[in-house]
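Trainee: The file below is structure-v4.tsv, TSV, C-alpha atoms:
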```tsv
chain	number	residue	atom	x	y	z
A	11	MET	CA	31.12	-89.68	87.93
A	12	ALA	CA	32.26	-87.36	90.69
A	13	ASP	CA	35.00	-86.00	88.41
A	14	GLN	CA	32.44	-85.09	85.76
A	15	GLU	CA	30.25	-83.32	88.31
A	16	ASN	CA	33.19	-81.25	89.59
A	17	ALA	CA	34.62	-80.49	86.12
A	18	PRO	CA	34.24	-76.87	85.07
A	19	GLN	CA	31.30	-76.24	82.76
A	20	GLU	CA	32.28	-75.55	79.17
A	21	LYS	CA	31.22	-72.05	78.25
A	22	SER	CA	30.62	-70.93	74.73
A	23	LEU	CA	33.01	-68.18	73.79
A	24	PRO	CA	31.31	-64.83	73.30
A	25	VAL	CA	33.25	-64.29	70.06
A	26	MET	CA	34.81	-66.81	67.71
A	27	ILE	CA	36.70	-66.20	64.48
A	28	HIS	CA	35.91	-69.08	62.12
A	29	ALA	CA	37.97	-68.05	59.07
A	30	GLN	CA	40.15	-65.31	57.62
A	31	TYR	CA	40.70	-65.10	53.88
A	32	ILE	CA	41.43	-63.00	50.82
A	33	LYS	CA	38.03	-62.35	49.29
A	34	ASP	CA	39.34	-60.27	46.39
A	35	MET	CA	42.72	-58.83	45.48
A	36	SER	CA	44.16	-56.96	42.53
A	37	PHE	CA	47.38	-55.23	41.63
A	38	GLU	CA	47.71	-53.03	38.56
A	39	ASN	CA	51.12	-51.83	37.42
A	40	PRO	CA	50.23	-49.94	34.20
A	41	LEU	CA	53.53	-48.12	33.62
A	42	ALA	CA	55.91	-51.01	34.36
A	43	PRO	CA	58.74	-51.36	33.62
A	44	ASP	CA	59.24	-47.60	33.16
A	45	SER	CA	57.76	-46.83	36.58
A	46	LEU	CA	60.36	-49.08	38.24
A	47	ARG	CA	63.48	-47.27	37.01
A	48	VAL	CA	65.99	-46.18	39.64
A	49	GLY	CA	66.12	-42.53	40.70
A	50	GLN	CA	62.43	-41.63	40.41
A	51	ASN	CA	60.57	-39.57	42.97
A	52	LYS	CA	58.51	-41.36	45.57
A	53	PRO	CA	54.94	-41.67	44.36
A	54	GLU	CA	52.08	-39.80	46.04
A	55	MET	CA	49.87	-42.27	47.86
A	56	ASP	CA	46.09	-42.23	48.19
A	57	ILE	CA	44.89	-44.78	50.75
A	58	ASP	CA	41.26	-45.73	51.32
A	59	ILE	CA	40.05	-48.04	54.10
A	60	SER	CA	36.49	-49.20	54.67
A	61	MET	CA	34.67	-52.01	56.45
A	62	GLU	CA	31.37	-53.77	55.98
A	63	SER	CA	29.55	-56.58	57.75
A	64	THR	CA	26.87	-58.95	56.53
A	65	PRO	CA	24.90	-61.52	58.56
A	66	ILE	CA	25.23	-65.13	57.42
A	67	GLU	CA	22.30	-67.48	57.93
A	68	ASP	CA	23.41	-70.70	59.61
A	69	ASP	CA	21.28	-73.23	61.50
A	70	LYS	CA	24.18	-74.35	63.69
A	71	ILE	CA	26.02	-71.11	64.45
A	72	LYS	CA	24.30	-68.27	66.27
A	73	ASN	CA	25.01	-64.66	65.22
A	74	LEU	CA	27.36	-65.51	62.33
A	75	TYR	CA	28.70	-62.62	60.23
A	76	GLU	CA	31.14	-61.90	57.47
A	77	VAL	CA	33.24	-58.78	57.99
A	78	VAL	CA	35.20	-57.43	55.03
A	79	LEU	CA	38.09	-55.00	55.45
A	80	ASN	CA	38.68	-53.14	52.17
A	81	LEU	CA	42.09	-51.58	51.57
A	82	SER	CA	42.89	-49.61	48.44
A	83	ALA	CA	46.16	-47.85	47.60
A	84	THR	CA	46.80	-45.74	44.51
A	85	ALA	CA	50.32	-44.48	43.83
A	86	LYS	CA	50.81	-41.61	41.37
A	87	ARG	CA	53.89	-39.90	39.96
A	88	GLU	CA	53.38	-36.62	38.13
A	89	GLY	CA	49.67	-37.35	37.76
A	90	GLU	CA	50.15	-40.81	36.26
A	91	VAL	CA	49.15	-43.98	38.09
A	92	ALA	CA	52.22	-46.02	39.04
A	93	PHE	CA	50.21	-48.76	40.73
A	94	ILE	CA	46.83	-49.60	42.22
A	95	ALA	CA	46.61	-52.25	44.94
A	96	GLU	CA	43.23	-53.38	46.26
A	97	LEU	CA	42.45	-55.97	48.87
A	98	ALA	CA	39.17	-57.20	50.32
A	99	TYR	CA	40.09	-59.26	53.39
A	100	GLY	CA	37.24	-61.30	54.86
A	101	VAL	CA	36.65	-62.67	58.33
A	102	THR	CA	33.77	-64.89	59.41
A	103	VAL	CA	32.95	-64.46	63.07
A	104	SER	CA	30.20	-65.55	65.43
A	105	LEU	CA	29.23	-63.34	68.34
A	106	GLY	CA	27.66	-65.96	70.57
A	107	ASP	CA	25.82	-64.32	73.46
A	108	LEU	CA	27.16	-60.81	72.88
A	109	PRO	CA	24.21	-58.43	73.39
A	110	GLU	CA	22.55	-57.39	70.13
A	111	ASP	CA	23.23	-53.68	70.67
A	112	GLN	CA	26.98	-54.44	70.74
A	113	HIS	CA	27.09	-56.40	67.46
A	114	HIS	CA	27.47	-53.48	65.04
A	115	PRO	CA	30.32	-51.67	66.83
A	116	PHE	CA	32.10	-54.94	67.59
A	117	LEU	CA	31.92	-56.07	63.97
A	118	LEU	CA	33.18	-52.77	62.56
A	119	ILE	CA	35.76	-51.89	65.23
A	120	GLU	CA	37.17	-55.00	66.91
A	121	VAL	CA	37.07	-57.45	64.01
A	122	PRO	CA	38.87	-55.07	61.59
A	123	ARG	CA	41.37	-54.27	64.36
A	124	GLN	CA	42.18	-57.99	64.63
A	125	ALA	CA	42.28	-58.49	60.84
A	126	PHE	CA	44.32	-55.39	59.98
A	127	PRO	CA	47.83	-56.81	60.63
A	128	PHE	CA	47.14	-59.70	58.24
A	129	ALA	CA	45.68	-57.44	55.53
A	130	ARG	CA	48.56	-54.98	56.00
A	131	GLN	CA	51.09	-57.76	55.46
A	132	ILE	CA	49.35	-58.94	52.27
A	133	LEU	CA	49.23	-55.39	50.88
A	134	GLY	CA	52.92	-54.93	51.68
A	135	THR	CA	53.78	-58.21	49.96
A	136	ILE	CA	51.86	-57.52	46.76
A	137	THR	CA	53.38	-54.04	46.37
A	138	GLN	CA	56.84	-55.51	46.92
A	139	GLN	CA	56.16	-58.28	44.40
A	140	GLY	CA	55.01	-55.55	42.00
A	141	GLY	CA	58.53	-54.11	42.10
A	142	TYR	CA	58.06	-51.33	44.68
A	143	ALA	CA	59.10	-50.92	48.28
A	144	PRO	CA	56.57	-52.74	50.47
A	145	LEU	CA	53.63	-50.51	51.34
A	146	LEU	CA	53.41	-50.62	55.13
A	147	LEU	CA	50.27	-48.90	56.31
A	148	ASN	CA	50.28	-47.09	59.64
A	149	PRO	CA	48.02	-48.45	62.39
A	150	VAL	CA	44.38	-47.47	61.97
A	151	ASP	CA	42.01	-46.16	64.64
A	152	PHE	CA	38.94	-48.17	63.71
A	153	GLN	CA	36.97	-46.74	66.63
A	154	ALA	CA	37.47	-43.19	65.34
A	155	MET	CA	36.49	-44.33	61.83
A	156	TYR	CA	33.37	-45.97	63.25
A	157	MET	CA	32.40	-42.88	65.24
A	158	GLN	CA	32.96	-40.65	62.23
A	159	ARG	CA	30.73	-42.84	60.08
A	160	PHE	CA	28.07	-43.95	62.58
A	161	GLY	CA	28.39	-41.66	65.62
A	162	LYS	CA	25.77	-39.18	64.43
A	163	LYS	CA	23.34	-41.97	63.55
A	164	GLN	CA	23.75	-43.44	67.04
A	165	ASN	CA	23.21	-40.06	68.70
A	166	ASP	CA	20.09	-39.48	66.57
A	167	ALA	CA	18.74	-42.93	67.50
A	168	ALA	CA	19.31	-42.25	71.21
```
Can I see the file as structure tokens?
Mentor:
Amino acid sequence: MADQENAPQEKSLPVMIHAQYIKDMSFENPLAPDSLRVGQNKPEMDIDISMESTPIEDDKIKNLYEVVLNLSATAKREGEVAFIAELAYGVTVSLGDLPEDQHHPFLLIEVPRQAFPFARQILGTITQQGGYAPLLLNPVDFQAMYMQRFGKKQNDAA
């Protein structure tokens, strides 16, 4: 009994990632095999990154959310699409006792920051399997993206 009384109290973690998964993925290679011939110019890349979060109702888990990191890459050569790669990478996370006013920035900055290396690897693999050099995205400043998208709204609310 004395051991139980002196044992450290189990604390609930403020943040817990429950699952990471591919929610949706596609790869289009409309000009293959012609687009894969040796000696062609590197394609021009258009990269789009966005995030979204949605609360999930759960009787057992407090403050449960799904965060989706959307990555889209379109490669063009001379105005023609060489490939389009799209990935929606999902993460379910609970925020425990994290204060309510910190939920939104945490979900759209920290969770994508943690998920990005996994999504980046998947995108690199599917482009490589499509016959191209692996597309390796540069690190992303999710805080700057968040401030660009929501900073004005937060300042207006304050």
Trainee: Could you give me, as a list in words, the residues that have an atom at most 10 Å away from the point (52.1, -44.8, 41.8) in the coordinates of the file, using all atoms listed in the file?
Mentor: Glu38, Asn39, Pro40, Leu41, Ser45, Leu46, Lys52, Pro53, Glu54, Met55, Asp56, Ala83, Thr84, Ala85, Lys86, Arg87, Glu88, Gly89, Glu90, Val91, Ala92, Phe93, Ile94, Ala95 and Tyr142 of chain A
Trainee: Quick one: everything within 10 Å of A:Ser60, counting all atoms listed in the file, minus sequence neighbours fewer than 5 positions away in the same chain. Send it as a list in words.
Mentor: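 The residues that qualify are Val78, Leu79, Asn80, Leu81, Ser82, Ala98, Leu118, Pro122, Phe152, Met155 and Tyr156 of chain A.
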Trainee: Excluding same-chain residues fewer than 6 positions from A:Ala154, what lies within 12 Å of it counting only C-alpha atoms, as a short mmCIF file (atom, residue, chain, number, x, y, z; two decimals) with C-alpha atoms, in the coordinates of the input?
Mentor:
```cif
data_model
loop_
_atom_site.label_atom_id
_atom_site.label_comp_id
_atom_site.auth_asym_id
_atom_site.auth_seq_id
_atom_site.Cartn_x
_atom_site.Cartn_y
_atom_site.Cartn_z
CA PRO A 115 30.32 -51.67 66.83
CA LEU A 118 33.18 -52.77 62.56
CA ILE A 119 35.76 -51.89 65.23
CA GLU A 120 37.17 -55.00 66.91
CA ARG A 123 41.37 -54.27 64.36
CA PHE A 160 28.07 -43.95 62.58
CA GLY A 161 28.39 -41.66 65.62
#
```
Trainee: Which value, in Å to one decimal, gives the distance between atom CA of A:Met61 and atom CA of A:Val77?
Mentor: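 So the answer is 7.1 Å.
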Trainee: Name the residues in contact with A:Leu108 at a cut-off of 6 Å, using all atoms listed in the file, excluding same-chain residues fewer than 2 positions from it; report them as an mmCIF file with C-alpha atoms, in the coordinates of the input.
Mentor:
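Just written: result-v6.cif:
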```
data_model
loop_
_atom_site.group_PDB
_atom_site.id
_atom_site.type_symbol
_atom_site.label_atom_id
_atom_site.label_comp_id
_atom_site.auth_asym_id
_atom_site.auth_seq_id
_atom_site.Cartn_x
_atom_site.Cartn_y
_atom_site.Cartn_z
ATOM 1 C CA PRO A 24 31.310 -64.830 73.300
ATOM 2 C CA LEU A 105 29.230 -63.340 68.340
ATOM 3 C CA GLY A 106 27.660 -65.960 70.570
#
```
Trainee: So what do you get for atom CA of A:Leu117 versus atom CA of A:Thr64, distance-wise?
Mentor: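 Spanning atom CA of A:Leu117 to atom CA of A:Thr64 is a straight-line distance of 9.4 Å.
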Trainee: Grab the atom CA of A:Tyr31 to atom CA of A:Asp111 distance for me, in Å with one decimal place.
Mentor: 26.8 Å
Trainee: Residues near A:Met35, anyone? I mean within 8 Å using only C-alpha atoms, not counting same-chain ones fewer than 2 positions away, as a list in words.
Mentor: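 In the requested form, the answer reads Ile32, Lys33, Phe37, Ala95, Glu96, Leu97 and Ala98 of chain A.
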Trainee: For each of A:Pro43, A:Pro127, A:Gly49, A:Gly134, take the minimum atom-to-atom distance to A:Pro149, counting only C-alpha atoms, then give the residue where this is smallest.
Mentor: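 Closest to A:Pro149 of all the choices is A:Pro127.
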Trainee: Using all atoms listed in the file, pick whichever of A:Asp44, A:Glu110, A:Glu76, A:Asp68 has the shortest atom-to-atom distance to A:Gly141.
Mentor: A:Asp44
